[in-house]
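Worksheet: one structure, shown below.
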Amino acid sequence: MPSVFVPKETRPGETRVAASPETAKRLVQAKLALAVETGAGLAAGFADQAYASAGARIVGPEGWTSELVLKVQPPTADEAARLASGAMLVSFLQPHRELELVGVLRARGVTALAMELVPRISRAQSMDALSSQATVAGYKAVLLGAVHLRKMCPLLMTAAGTVQPARVVVFGAGVAGLMAIATARRLGCKVEATDVRMAAKEQVESLGATFISVPGAADMEGAGGYAKEQSAEFLARQREEVAKRVAEADLVITTAQVPGKTAPRLVDQAMVRSMKPGAVIVDLAVESGGNCALSELGKVVEREGVTIVGLANLPASVPQHASELYAKNVLALVKLFLDKEGKLAPDWTDEVLAGCRLTHAGEIHHAPTAQALAAGKSA
Ligand SMILES: NC(=O)c1ccc[n+]([C@@H]2O[C@H](COP(=O)([O-])OP(=O)(O)OC[C@H]3O[C@@H](n4cnc5c(N)ncnc54)[C@H](O)[C@@H]3O)[C@@H](O)[C@H]2O)c1
């Protein structure tokens, strides 16, 4: 029976956990010897007793020697040193930022599967943790924005007068942006959104928002439905198109990302200055450099009379649901490499497993990471 360990996350601010009591039960049913570290689920609202009732053993750090370790954040240097040689690890691993860790995992012969590298194909939707966590982040971004506004969101007609709906502009209509649009609409906001992928137009409109088209956007969809890196000329045209809307907005939510690149700069200082006093910007791209020139990582700041929210890791601020969804993504991936007897037996001809395999048997299998490590610098 393979041993599996779910540790308590130790990175600052991380409140999520890689297994919920529900997925713990399913892992035990799959004939795995599951151990959960004392207090691993407490911050997400899952007591040790709930895991014990699901059939898990509650253990101390000795669980790190298990054959399979399930995590949310990349292991710290101390944690990586505790992994058994040849063990399997399933986690977000942020390989472009964690090159040293990748080197350690390779040297220890760890088979590391990176959740962010799971291919975004239909068959792997149940394992798509980028999407599940972006959904949580998009939702929370709107709530944070609403809390910082001096206004209410919906149209209200009262005996004391009419309150106009809050005007919201969303940059980027991927998973997080669409959830932000839906959440803002549910709060009664008037929503406009822009994306460089024309495919997003129909999705934006189906949520009852208005799509802001930018001339030339049709050319901006790259491989896998992701955005291509945009030229300075395109970004200038986009700024012109959205500037008027931003000036009138009460709340701006930015979610625009280009895979593997710094986030595009979409809201410059002049645009912030043009906004109404008391307006709010929530920058969901702040961890990849920020879509707004004035946002600060991990902080809520006031600049040019506008509140700019640059808080990191929003999924960790909704830890129960973020963990439940992430745990289901992890469970679906684990089931993909269990054989009929419940042994860990990854089939590397499977495109999902091959796609997310970062290190295995002393090799790095993700080309951009291998190249970055060879070049001795960040990808
Ligand atoms: N399993 C699946 O098939 C699956 C799952 C999830 C997402 N997807 C697709 O993957 C794609 C990316 O989704 P994501 O949420 O991970 O995206 P992402 O986080 O990489 O980027 C967020 C959004 O920002 C947009 N963007 C980039 N530059 C911009 C700019 N200058 N201005 C405005 N918007 C800009 C992107 O087009 C994207 O929609 C989408 O096409 C989505 O439908 C597919």
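Within each chain, counting starts at residue 1; across the structure tokens, chains are named A, B, ... in the order shown, with ligands numbered 1 upward in that order.
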Write out, as a tab-separated table, each residue of stretch 162-188 of chain A that has an atom at most 6 Å from stretch 250-254 of chain A, together with the closest pair of atoms and their distance in Å to one decimal, counting only C-alpha atoms, rows going by chain and rising number.
```
residue	atom	partner	partner_atom	distance
A:Ala166	CA	A:Asp250	CA	5.9
A:Arg167	CA	A:Asp250	CA	5.2
A:Val168	CA	A:Leu251	CA	4.8
A:Val169	CA	A:Val252	CA	4.8
A:Val170	CA	A:Ile253	CA	4.8
A:Phe171	CA	A:Thr254	CA	4.6
```
Give me a file of those residues, with N, CA, C and O atoms, as a PDB file, in the first residue's frame.
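Writing done, so here's out-v6.pdb:
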```
ATOM      1  N   ALA A 166     -22.807  50.632  -9.839  1.00  0.00           N
ATOM      2  CA  ALA A 166     -21.361  50.850  -9.971  1.00  0.00           C
ATOM      3  C   ALA A 166     -20.924  50.411 -11.365  1.00  0.00           C
ATOM      4  O   ALA A 166     -21.420  49.413 -11.899  1.00  0.00           O
ATOM      5  N   ARG A 167     -19.993  51.171 -11.928  1.00  0.00           N
ATOM      6  CA  ARG A 167     -19.470  50.824 -13.263  1.00  0.00           C
ATOM      7  C   ARG A 167     -18.157  50.079 -13.082  1.00  0.00           C
ATOM      8  O   ARG A 167     -17.250  50.560 -12.397  1.00  0.00           O
ATOM      9  N   VAL A 168     -18.087  48.917 -13.701  1.00  0.00           N
ATOM     10  CA  VAL A 168     -16.904  48.056 -13.543  1.00  0.00           C
ATOM     11  C   VAL A 168     -16.267  47.804 -14.907  1.00  0.00           C
ATOM     12  O   VAL A 168     -16.976  47.544 -15.882  1.00  0.00           O
ATOM     13  N   VAL A 169     -14.940  47.897 -14.981  1.00  0.00           N
ATOM     14  CA  VAL A 169     -14.216  47.519 -16.206  1.00  0.00           C
ATOM     15  C   VAL A 169     -13.275  46.371 -15.851  1.00  0.00           C
ATOM     16  O   VAL A 169     -12.507  46.456 -14.884  1.00  0.00           O
ATOM     17  N   VAL A 170     -13.366  45.287 -16.610  1.00  0.00           N
ATOM     18  CA  VAL A 170     -12.511  44.112 -16.370  1.00  0.00           C
ATOM     19  C   VAL A 170     -11.547  43.964 -17.545  1.00  0.00           C
ATOM     20  O   VAL A 170     -11.970  43.900 -18.703  1.00  0.00           O
ATOM     21  N   PHE A 171     -10.254  43.919 -17.241  1.00  0.00           N
ATOM     22  CA  PHE A 171      -9.222  43.679 -18.265  1.00  0.00           C
ATOM     23  C   PHE A 171      -8.868  42.193 -18.237  1.00  0.00           C
ATOM     24  O   PHE A 171      -8.397  41.687 -17.217  1.00  0.00           O
TER      25      PHE A 171
END
```
Could you report the residues within 8 Å of ligand 1, using only C-alpha atoms and all ligand atoms, as a VMD selection string?
chain A and resid 119 to 125 128 130 to 131 134 171 to 177 194 to 197 199 to 200 220 to 221 224 to 230 235 238 255 to 259 263 to 266
Residues from the last selection, N, CA and C atoms, saved as a tab-separated table (two decimals), in the first residue's frame:
```
chain	number	residue	atom	x	y	z
A	119	PRO	N	-1.72	20.03	-18.84
A	119	PRO	CA	-2.18	20.61	-20.10
A	119	PRO	C	-3.64	21.07	-20.00
A	120	ARG	N	-3.96	22.23	-20.62
A	120	ARG	CA	-5.33	22.76	-20.55
A	120	ARG	C	-6.15	22.11	-21.67
A	121	ILE	N	-6.31	20.78	-21.62
A	121	ILE	CA	-7.10	20.08	-22.63
A	121	ILE	C	-8.36	19.54	-21.96
A	122	SER	N	-9.37	19.23	-22.79
A	122	SER	CA	-10.67	18.84	-22.21
A	122	SER	C	-10.53	17.69	-21.23
A	123	ARG	N	-9.74	16.66	-21.58
A	123	ARG	CA	-9.62	15.48	-20.73
A	123	ARG	C	-9.04	15.80	-19.36
A	124	ALA	N	-8.28	16.89	-19.28
A	124	ALA	CA	-7.62	17.22	-18.01
A	124	ALA	C	-8.34	18.34	-17.26
A	125	GLN	N	-9.57	18.64	-17.65
A	125	GLN	CA	-10.28	19.75	-16.99
A	125	GLN	C	-10.44	19.53	-15.49
A	128	ASP	N	-7.40	20.73	-13.61
A	128	ASP	CA	-6.92	22.06	-13.96
A	128	ASP	C	-6.99	23.01	-12.75
A	130	LEU	N	-5.09	25.60	-12.18
A	130	LEU	CA	-4.99	27.03	-12.55
A	130	LEU	C	-6.40	27.60	-12.68
A	131	SER	N	-7.29	26.83	-13.33
A	131	SER	CA	-8.65	27.32	-13.52
A	131	SER	C	-9.42	27.36	-12.20
A	134	ALA	N	-8.13	30.28	-10.22
A	134	ALA	CA	-8.44	31.56	-10.86
A	134	ALA	C	-9.92	31.91	-10.66
A	171	PHE	N	-10.25	43.92	-17.24
A	171	PHE	CA	-9.22	43.68	-18.27
A	171	PHE	C	-8.87	42.19	-18.24
A	172	GLY	N	-9.05	41.51	-19.36
A	172	GLY	CA	-8.70	40.09	-19.43
A	172	GLY	C	-9.92	39.26	-19.09
A	173	ALA	N	-10.45	38.52	-20.09
A	173	ALA	CA	-11.64	37.71	-19.86
A	173	ALA	C	-11.29	36.24	-19.99
A	174	GLY	N	-10.25	35.82	-19.26
A	174	GLY	CA	-9.92	34.40	-19.13
A	174	GLY	C	-10.77	33.85	-17.98
A	175	VAL	N	-10.24	32.84	-17.29
A	175	VAL	CA	-11.03	32.19	-16.23
A	175	VAL	C	-11.35	33.18	-15.10
A	176	ALA	N	-10.32	33.89	-14.60
A	176	ALA	CA	-10.53	34.82	-13.48
A	176	ALA	C	-11.41	35.99	-13.91
A	177	GLY	N	-11.16	36.52	-15.11
A	177	GLY	CA	-11.90	37.68	-15.59
A	177	GLY	C	-13.38	37.36	-15.77
A	194	THR	N	-12.59	43.84	-21.58
A	194	THR	CA	-11.78	43.78	-22.80
A	194	THR	C	-10.81	42.61	-22.73
A	195	ASP	N	-10.50	42.06	-23.89
A	195	ASP	CA	-9.50	41.00	-23.98
A	195	ASP	C	-8.89	41.09	-25.37
A	196	VAL	N	-7.70	40.55	-25.52
A	196	VAL	CA	-7.07	40.59	-26.84
A	196	VAL	C	-7.51	39.41	-27.69
A	197	ARG	N	-8.18	38.44	-27.07
A	197	ARG	CA	-8.68	37.29	-27.83
A	197	ARG	C	-10.14	37.58	-28.20
A	199	ALA	N	-12.25	35.58	-29.20
A	199	ALA	CA	-13.12	34.49	-28.72
A	199	ALA	C	-13.78	34.86	-27.41
A	200	ALA	N	-13.16	35.79	-26.67
A	200	ALA	CA	-13.71	36.16	-25.36
A	200	ALA	C	-14.98	37.00	-25.48
A	220	MET	N	-4.35	38.29	-31.92
A	220	MET	CA	-3.61	38.15	-30.67
A	220	MET	C	-3.81	36.82	-29.95
A	221	GLU	N	-4.53	35.87	-30.59
A	221	GLU	CA	-4.70	34.58	-29.92
A	221	GLU	C	-3.58	33.64	-30.36
A	224	GLY	N	-2.93	27.19	-27.80
A	224	GLY	CA	-3.69	26.74	-26.64
A	224	GLY	C	-4.74	27.73	-26.18
A	225	GLY	N	-5.08	28.71	-27.03
A	225	GLY	CA	-6.11	29.69	-26.64
A	225	GLY	C	-5.56	30.80	-25.77
A	226	TYR	N	-4.25	30.77	-25.48
A	226	TYR	CA	-3.65	31.84	-24.67
A	226	TYR	C	-3.37	33.07	-25.52
A	227	ALA	N	-3.17	34.20	-24.81
A	227	ALA	CA	-2.83	35.44	-25.52
A	227	ALA	C	-1.37	35.39	-25.94
A	228	LYS	N	-1.08	36.02	-27.12
A	228	LYS	CA	0.33	36.21	-27.53
A	228	LYS	C	0.84	37.47	-26.84
A	229	GLU	N	2.16	37.61	-26.78
A	229	GLU	CA	2.71	38.85	-26.25
A	229	GLU	C	2.37	39.97	-27.24
A	230	GLN	N	1.92	41.13	-26.70
A	230	GLN	CA	1.45	42.18	-27.60
A	230	GLN	C	2.54	43.23	-27.84
A	235	LEU	N	-0.66	47.78	-27.60
A	235	LEU	CA	-1.02	48.17	-26.23
A	235	LEU	C	-1.43	49.65	-26.17
A	238	GLN	N	-4.91	49.85	-27.47
A	238	GLN	CA	-5.84	49.34	-26.46
A	238	GLN	C	-6.09	50.39	-25.38
A	255	THR	N	-6.87	41.34	-14.92
A	255	THR	CA	-6.50	39.91	-14.81
A	255	THR	C	-5.63	39.48	-15.97
A	256	ALA	N	-5.11	40.43	-16.77
A	256	ALA	CA	-4.46	40.06	-18.03
A	256	ALA	C	-3.08	39.44	-17.82
A	257	GLN	N	-2.87	38.29	-18.43
A	257	GLN	CA	-1.60	37.56	-18.31
A	257	GLN	C	-1.20	37.03	-19.68
A	258	VAL	N	0.09	36.89	-19.87
A	258	VAL	CA	0.62	36.22	-21.06
A	258	VAL	C	1.56	35.15	-20.51
A	259	PRO	N	1.28	33.85	-20.79
A	259	PRO	CA	2.05	32.78	-20.15
A	259	PRO	C	3.57	32.96	-20.27
A	263	ALA	N	3.38	40.40	-16.84
A	263	ALA	CA	2.01	40.80	-17.21
A	263	ALA	C	2.05	42.11	-18.00
A	264	PRO	N	1.17	42.25	-19.02
A	264	PRO	CA	1.18	43.50	-19.80
A	264	PRO	C	0.74	44.70	-18.94
A	265	ARG	N	1.40	45.83	-19.13
A	265	ARG	CA	1.08	47.08	-18.41
A	265	ARG	C	-0.12	47.72	-19.11
A	266	LEU	N	-1.26	47.71	-18.50
A	266	LEU	CA	-2.47	48.20	-19.16
A	266	LEU	C	-3.01	49.48	-18.56
```
Give me, as a PyMOL selection string, the residues of stretch 38-192 of chain A that a backbone DSSP run labels alpha helix (DSSP H).
chain A and resi 48-53+77-82+99-107+129-148+175-186
Could you turn the residues from that selection into a file that holds C-alpha atoms, as a PDB file, in the first residue's frame?
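The result, written out as out35.pdb:
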```pdb
ATOM      1  CA  ASP A  48      -7.783  16.642  12.225  1.00  0.00           C
ATOM      2  CA  GLN A  49     -10.773  14.593  13.381  1.00  0.00           C
ATOM      3  CA  ALA A  50     -12.463  15.017   9.981  1.00  0.00           C
ATOM      4  CA  TYR A  51      -9.413  13.489   8.256  1.00  0.00           C
ATOM      5  CA  ALA A  52      -9.203  10.737  10.878  1.00  0.00           C
ATOM      6  CA  SER A  53     -12.889   9.897  10.267  1.00  0.00           C
ATOM      7  CA  ALA A  77      14.468  24.034   1.008  1.00  0.00           C
ATOM      8  CA  ASP A  78      13.986  22.281   4.400  1.00  0.00           C
ATOM      9  CA  GLU A  79      10.924  20.413   3.179  1.00  0.00           C
ATOM     10  CA  ALA A  80      12.586  19.344  -0.076  1.00  0.00           C
ATOM     11  CA  ALA A  81      15.494  17.956   1.955  1.00  0.00           C
ATOM     12  CA  ARG A  82      13.056  15.728   3.848  1.00  0.00           C
ATOM     13  CA  LEU A  99      14.991  27.019 -10.156  1.00  0.00           C
ATOM     14  CA  GLU A 100      17.043  26.108  -7.104  1.00  0.00           C
ATOM     15  CA  LEU A 101      14.247  23.868  -5.841  1.00  0.00           C
ATOM     16  CA  VAL A 102      13.973  22.187  -9.252  1.00  0.00           C
ATOM     17  CA  GLY A 103      17.699  21.422  -9.035  1.00  0.00           C
ATOM     18  CA  VAL A 104      17.226  19.846  -5.594  1.00  0.00           C
ATOM     19  CA  LEU A 105      14.242  17.746  -6.741  1.00  0.00           C
ATOM     20  CA  ARG A 106      16.244  16.494  -9.719  1.00  0.00           C
ATOM     21  CA  ALA A 107      19.265  15.688  -7.573  1.00  0.00           C
ATOM     22  CA  ALA A 129      -5.902  23.787 -10.739  1.00  0.00           C
ATOM     23  CA  LEU A 130      -4.989  27.026 -12.549  1.00  0.00           C
ATOM     24  CA  SER A 131      -8.653  27.318 -13.516  1.00  0.00           C
ATOM     25  CA  SER A 132     -10.117  26.304 -10.159  1.00  0.00           C
ATOM     26  CA  GLN A 133      -7.942  28.785  -8.278  1.00  0.00           C
ATOM     27  CA  ALA A 134      -8.443  31.563 -10.862  1.00  0.00           C
ATOM     28  CA  THR A 135     -12.192  31.130 -10.375  1.00  0.00           C
ATOM     29  CA  VAL A 136     -11.778  31.792  -6.654  1.00  0.00           C
ATOM     30  CA  ALA A 137      -9.460  34.754  -7.296  1.00  0.00           C
ATOM     31  CA  GLY A 138     -11.856  36.380  -9.793  1.00  0.00           C
ATOM     32  CA  TYR A 139     -14.716  36.099  -7.325  1.00  0.00           C
ATOM     33  CA  LYS A 140     -12.732  37.478  -4.403  1.00  0.00           C
ATOM     34  CA  ALA A 141     -11.325  40.367  -6.484  1.00  0.00           C
ATOM     35  CA  VAL A 142     -14.819  41.774  -6.977  1.00  0.00           C
ATOM     36  CA  LEU A 143     -15.718  41.383  -3.296  1.00  0.00           C
ATOM     37  CA  LEU A 144     -12.492  43.164  -2.279  1.00  0.00           C
ATOM     38  CA  GLY A 145     -13.226  45.919  -4.766  1.00  0.00           C
ATOM     39  CA  ALA A 146     -16.778  46.309  -3.448  1.00  0.00           C
ATOM     40  CA  VAL A 147     -15.534  46.539   0.143  1.00  0.00           C
ATOM     41  CA  HIS A 148     -13.106  49.342  -0.734  1.00  0.00           C
ATOM     42  CA  VAL A 175     -11.030  32.194 -16.230  1.00  0.00           C
ATOM     43  CA  ALA A 176     -10.532  34.824 -13.482  1.00  0.00           C
ATOM     44  CA  GLY A 177     -11.904  37.682 -15.587  1.00  0.00           C
ATOM     45  CA  LEU A 178     -15.084  35.812 -16.532  1.00  0.00           C
ATOM     46  CA  MET A 179     -15.694  34.932 -12.879  1.00  0.00           C
ATOM     47  CA  ALA A 180     -15.110  38.592 -11.949  1.00  0.00           C
ATOM     48  CA  ILE A 181     -17.629  39.669 -14.595  1.00  0.00           C
ATOM     49  CA  ALA A 182     -20.211  37.151 -13.357  1.00  0.00           C
ATOM     50  CA  THR A 183     -19.703  38.187  -9.725  1.00  0.00           C
ATOM     51  CA  ALA A 184     -19.927  41.907 -10.516  1.00  0.00           C
ATOM     52  CA  ARG A 185     -23.104  41.293 -12.525  1.00  0.00           C
ATOM     53  CA  ARG A 186     -24.625  39.380  -9.595  1.00  0.00           C
TER      54      ARG A 186
END
```
Set the distance at 9 Å and use only C-alpha atoms: which residues neighbour A:Glu248 once local chain neighbours fewer than 2 positions away are removed? I'd like the list as a ChimeraX atom specification.
/A:167-168,243-246,250,274-276
Record the distance separating atom CA of A:Gln320 and atom CA of A:Ala47, expressed in Å with one decimal.
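Between atom CA of A:Gln320 and atom CA of A:Ala47 the gap works out to 11.7 Å.
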Here atom CA of A:Met115 and atom CA of A:Gly289 stand apart by 21.5 Å
So how many Å separate atom CA of A:Val72 and atom CA of A:Val4, to one decimal?
14.5 Å
If you count only C-alpha atoms, the residue of A:Gly55, A:Pro7, A:Pro346, A:Gly376 closest to A:Leu333 turns out to be A:Pro346
Considering only C-alpha atoms, can you say which of A:Val17, A:Leu149, A:Ala209, A:Leu325 comes closest to A:Ile281?
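Once distances to A:Ile281 are computed over only C-alpha atoms, the minimum belongs to A:Leu149.
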Using only C-alpha atoms, which of the listed residues (A:Gly298, A:Pro21, A:Pro12, A:Pro215) sits closest to A:Thr76?
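The closest residue to A:Thr76 is A:Pro12.
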Just the residues within 9 Å of stretch 87-89 of chain A, please, counting only C-alpha atoms, with nothing from its chain fewer than 4 positions along; format it as a ChimeraX atom specification.
/A:65-71,83,108-114,344,360
Would you mind exporting all heavy atoms of the selected residues as a compact mmCIF listing (two decimals), in the first residue's frame?
```
# COMPACT_ATOMS: atom_id res chain seq x y z
N THR A 65 8.64 11.25 4.75
CA THR A 65 9.36 10.14 4.10
C THR A 65 8.43 9.27 3.26
O THR A 65 8.85 8.23 2.74
CB THR A 65 10.03 9.26 5.18
OG1 THR A 65 9.02 8.87 6.11
CG2 THR A 65 11.15 9.99 5.89
N SER A 66 7.16 9.69 3.09
CA SER A 66 6.19 8.87 2.34
C SER A 66 6.57 8.78 0.86
O SER A 66 7.35 9.57 0.35
CB SER A 66 4.79 9.50 2.46
OG SER A 66 4.41 9.54 3.81
N GLU A 67 5.93 7.82 0.18
CA GLU A 67 6.23 7.62 -1.25
C GLU A 67 5.63 8.72 -2.13
O GLU A 67 6.12 9.01 -3.21
CB GLU A 67 5.67 6.26 -1.72
CG GLU A 67 6.47 5.08 -1.20
CD GLU A 67 5.65 3.82 -1.19
OE1 GLU A 67 5.49 3.22 -2.26
OE2 GLU A 67 5.16 3.44 -0.10
N LEU A 68 4.51 9.31 -1.65
CA LEU A 68 3.86 10.38 -2.42
C LEU A 68 3.50 11.52 -1.47
O LEU A 68 2.92 11.27 -0.39
CB LEU A 68 2.58 9.81 -3.08
CG LEU A 68 1.61 10.80 -3.71
CD1 LEU A 68 2.26 11.51 -4.91
CD2 LEU A 68 0.34 10.07 -4.20
N VAL A 69 3.85 12.74 -1.84
CA VAL A 69 3.54 13.91 -1.01
C VAL A 69 2.65 14.85 -1.84
O VAL A 69 2.96 15.15 -3.00
CB VAL A 69 4.83 14.64 -0.55
CG1 VAL A 69 4.50 15.94 0.17
CG2 VAL A 69 5.64 13.72 0.37
N LEU A 70 1.55 15.30 -1.24
CA LEU A 70 0.61 16.19 -1.93
C LEU A 70 0.65 17.55 -1.26
O LEU A 70 0.44 17.66 -0.05
CB LEU A 70 -0.82 15.62 -1.84
CG LEU A 70 -0.99 14.17 -2.29
CD1 LEU A 70 -2.44 13.72 -2.11
CD2 LEU A 70 -0.57 13.99 -3.74
N LYS A 71 0.93 18.61 -2.04
CA LYS A 71 1.11 19.95 -1.47
C LYS A 71 0.39 21.00 -2.31
O LYS A 71 -0.03 20.74 -3.42
CB LYS A 71 2.61 20.30 -1.45
CG LYS A 71 3.31 19.92 -0.15
CD LYS A 71 4.72 20.48 -0.11
CE LYS A 71 4.95 21.83 0.48
NZ LYS A 71 4.01 22.79 0.81
N LEU A 83 12.21 15.08 1.65
CA LEU A 83 11.57 14.13 0.72
C LEU A 83 12.47 12.92 0.52
O LEU A 83 13.69 13.05 0.37
CB LEU A 83 11.36 14.80 -0.64
CG LEU A 83 10.19 15.77 -0.77
CD1 LEU A 83 10.32 16.58 -2.06
CD2 LEU A 83 8.86 15.01 -0.75
N ARG A 108 17.64 14.74 -6.03
CA ARG A 108 17.14 13.71 -5.10
C ARG A 108 16.35 12.62 -5.82
O ARG A 108 15.77 11.74 -5.20
CB ARG A 108 16.27 14.35 -4.02
CG ARG A 108 17.02 15.35 -3.16
CD ARG A 108 16.16 15.84 -2.02
NE ARG A 108 15.84 14.81 -1.05
CZ ARG A 108 16.64 14.36 -0.13
NH1 ARG A 108 17.85 14.85 -0.03
NH2 ARG A 108 16.27 13.42 0.71
N GLY A 109 16.24 12.74 -7.14
CA GLY A 109 15.52 11.71 -7.91
C GLY A 109 14.02 11.74 -7.66
O GLY A 109 13.33 10.73 -7.81
N VAL A 110 13.51 12.92 -7.26
CA VAL A 110 12.07 13.04 -7.00
C VAL A 110 11.32 13.13 -8.33
O VAL A 110 11.78 13.78 -9.26
CB VAL A 110 11.79 14.31 -6.14
CG1 VAL A 110 10.30 14.58 -6.02
CG2 VAL A 110 12.43 14.15 -4.76
N THR A 111 10.17 12.45 -8.39
CA THR A 111 9.28 12.61 -9.54
C THR A 111 8.30 13.71 -9.16
O THR A 111 7.40 13.50 -8.33
CB THR A 111 8.52 11.29 -9.83
OG1 THR A 111 9.49 10.30 -10.19
CG2 THR A 111 7.53 11.47 -10.97
N ALA A 112 8.50 14.90 -9.72
CA ALA A 112 7.69 16.05 -9.34
C ALA A 112 6.71 16.40 -10.45
O ALA A 112 7.11 16.65 -11.58
CB ALA A 112 8.60 17.26 -9.06
N LEU A 113 5.42 16.37 -10.11
CA LEU A 113 4.38 16.76 -11.07
C LEU A 113 3.89 18.16 -10.69
O LEU A 113 3.44 18.37 -9.56
CB LEU A 113 3.22 15.77 -11.05
CG LEU A 113 3.56 14.31 -11.35
CD1 LEU A 113 2.29 13.47 -11.44
CD2 LEU A 113 4.35 14.17 -12.65
N ALA A 114 4.01 19.10 -11.63
CA ALA A 114 3.66 20.49 -11.34
C ALA A 114 2.22 20.76 -11.77
O ALA A 114 1.88 20.61 -12.95
CB ALA A 114 4.60 21.43 -12.08
N LEU A 344 1.63 3.19 -7.33
CA LEU A 344 1.97 4.40 -8.08
C LEU A 344 2.67 3.97 -9.37
O LEU A 344 3.81 3.49 -9.31
CB LEU A 344 2.89 5.30 -7.26
CG LEU A 344 2.47 5.60 -5.81
CD1 LEU A 344 3.48 6.54 -5.15
CD2 LEU A 344 1.07 6.20 -5.75
N HIS A 360 12.07 13.81 -13.05
CA HIS A 360 11.87 12.36 -12.89
C HIS A 360 13.21 11.67 -13.13
O HIS A 360 13.91 12.00 -14.10
CB HIS A 360 10.82 11.86 -13.90
CG HIS A 360 10.68 10.36 -13.91
ND1 HIS A 360 10.26 9.65 -12.81
CD2 HIS A 360 10.91 9.45 -14.89
CE1 HIS A 360 10.23 8.36 -13.12
NE2 HIS A 360 10.63 8.21 -14.37
```
Go through stretch 82-179 of chain A and collect every residue that DSSP, computed from the backbone, puts in strand (DSSP E); the answer should be as a PyMOL selection string.
chain A and resi 88-91+111-114+156-158+161-163+167-171
File of the preceding selection, N, CA, C and O atoms, as a CSV table (one decimal), in the first residue's frame:
```csv
chain,number,residue,atom,x,y,z
A,88,MET,N,7.4,10.7,-5.0
A,88,MET,CA,6.6,11.5,-5.9
A,88,MET,C,6.1,12.7,-5.2
A,88,MET,O,5.7,12.6,-4.0
A,89,LEU,N,6.0,13.8,-5.9
A,89,LEU,CA,5.5,15.1,-5.3
A,89,LEU,C,4.5,15.7,-6.3
A,89,LEU,O,4.8,15.8,-7.5
A,90,VAL,N,3.3,16.0,-5.8
A,90,VAL,CA,2.3,16.7,-6.6
A,90,VAL,C,2.0,18.0,-5.9
A,90,VAL,O,1.6,18.1,-4.8
A,91,SER,N,2.3,19.2,-6.7
A,91,SER,CA,2.2,20.5,-6.0
A,91,SER,C,2.2,21.5,-7.1
A,91,SER,O,2.7,21.3,-8.3
A,111,THR,N,10.2,12.4,-8.4
A,111,THR,CA,9.3,12.6,-9.5
A,111,THR,C,8.3,13.7,-9.2
A,111,THR,O,7.4,13.5,-8.3
A,112,ALA,N,8.5,14.9,-9.7
A,112,ALA,CA,7.7,16.1,-9.3
A,112,ALA,C,6.7,16.4,-10.4
A,112,ALA,O,7.1,16.6,-11.6
A,113,LEU,N,5.4,16.4,-10.1
A,113,LEU,CA,4.4,16.8,-11.1
A,113,LEU,C,3.9,18.2,-10.7
A,113,LEU,O,3.4,18.4,-9.6
A,114,ALA,N,4.0,19.1,-11.6
A,114,ALA,CA,3.7,20.5,-11.3
A,114,ALA,C,2.2,20.8,-11.8
A,114,ALA,O,1.9,20.6,-13.0
A,156,LEU,N,-30.5,51.1,-7.3
A,156,LEU,CA,-31.5,51.1,-6.3
A,156,LEU,C,-32.5,52.3,-6.5
A,156,LEU,O,-32.0,53.4,-6.7
A,157,MET,N,-33.7,52.0,-6.5
A,157,MET,CA,-34.7,53.1,-6.6
A,157,MET,C,-35.4,53.1,-5.3
A,157,MET,O,-36.2,52.2,-5.0
A,158,THR,N,-35.1,54.1,-4.5
A,158,THR,CA,-35.7,54.2,-3.1
A,158,THR,C,-36.5,55.5,-3.0
A,158,THR,O,-36.3,56.4,-3.8
A,161,GLY,N,-34.3,58.4,-3.1
A,161,GLY,CA,-33.7,58.7,-4.4
A,161,GLY,C,-33.1,57.5,-5.1
A,161,GLY,O,-33.2,56.4,-4.5
A,162,THR,N,-32.6,57.7,-6.3
A,162,THR,CA,-32.0,56.6,-7.1
A,162,THR,C,-30.5,56.5,-6.9
A,162,THR,O,-29.8,57.5,-7.0
A,163,VAL,N,-30.1,55.3,-6.7
A,163,VAL,CA,-28.6,55.0,-6.7
A,163,VAL,C,-28.2,54.4,-8.0
A,163,VAL,O,-28.8,53.3,-8.3
A,167,ARG,N,-20.0,51.2,-11.9
A,167,ARG,CA,-19.5,50.8,-13.3
A,167,ARG,C,-18.2,50.1,-13.1
A,167,ARG,O,-17.2,50.6,-12.4
A,168,VAL,N,-18.1,48.9,-13.7
A,168,VAL,CA,-16.9,48.1,-13.5
A,168,VAL,C,-16.3,47.8,-14.9
A,168,VAL,O,-17.0,47.5,-15.9
A,169,VAL,N,-14.9,47.9,-15.0
A,169,VAL,CA,-14.2,47.5,-16.2
A,169,VAL,C,-13.3,46.4,-15.9
A,169,VAL,O,-12.5,46.5,-14.9
A,170,VAL,N,-13.4,45.3,-16.6
A,170,VAL,CA,-12.5,44.1,-16.4
A,170,VAL,C,-11.5,44.0,-17.5
A,170,VAL,O,-12.0,43.9,-18.7
A,171,PHE,N,-10.3,43.9,-17.2
A,171,PHE,CA,-9.2,43.7,-18.3
A,171,PHE,C,-8.9,42.2,-18.2
A,171,PHE,O,-8.4,41.7,-17.2
```
Who sits within 9 Å of A:Leu336, only C-alpha atoms, same chain under 3 positions skipped, as a list in words
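Using only C-alpha atoms, the neighbours found are Leu331, Ala332, Leu333, Asp339, Ala345, Pro346, Asp347, Val352 and Leu353 of chain A.
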Write out as a ChimeraX atom specification each polymer residue whose atoms come within 7 Å of A:Pro2, counting only C-alpha atoms; drop sequence neighbours fewer than 5 positions from it.
/A:32-33,67,343
Of the residues A:Val242, A:Ala232, A:Val309, A:Ala30, which is the one nearest to A:Val214, using only C-alpha atoms?
A:Val242
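Nearest-residue note for A:Leu297: choosing from A:Cys189, A:Lys335, A:Ser126, A:Leu314, the minimum distance belongs to A:Leu314, counting only C-alpha atoms.
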What's around A:Val306 at 6 Å? Count only C-alpha atoms, leave out sequence neighbours fewer than 5 positions away in its own chain, and write the answer as a list in words.
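My list of contacting residues is Pro277, Gly278, Ala279 and Val280 of chain A.
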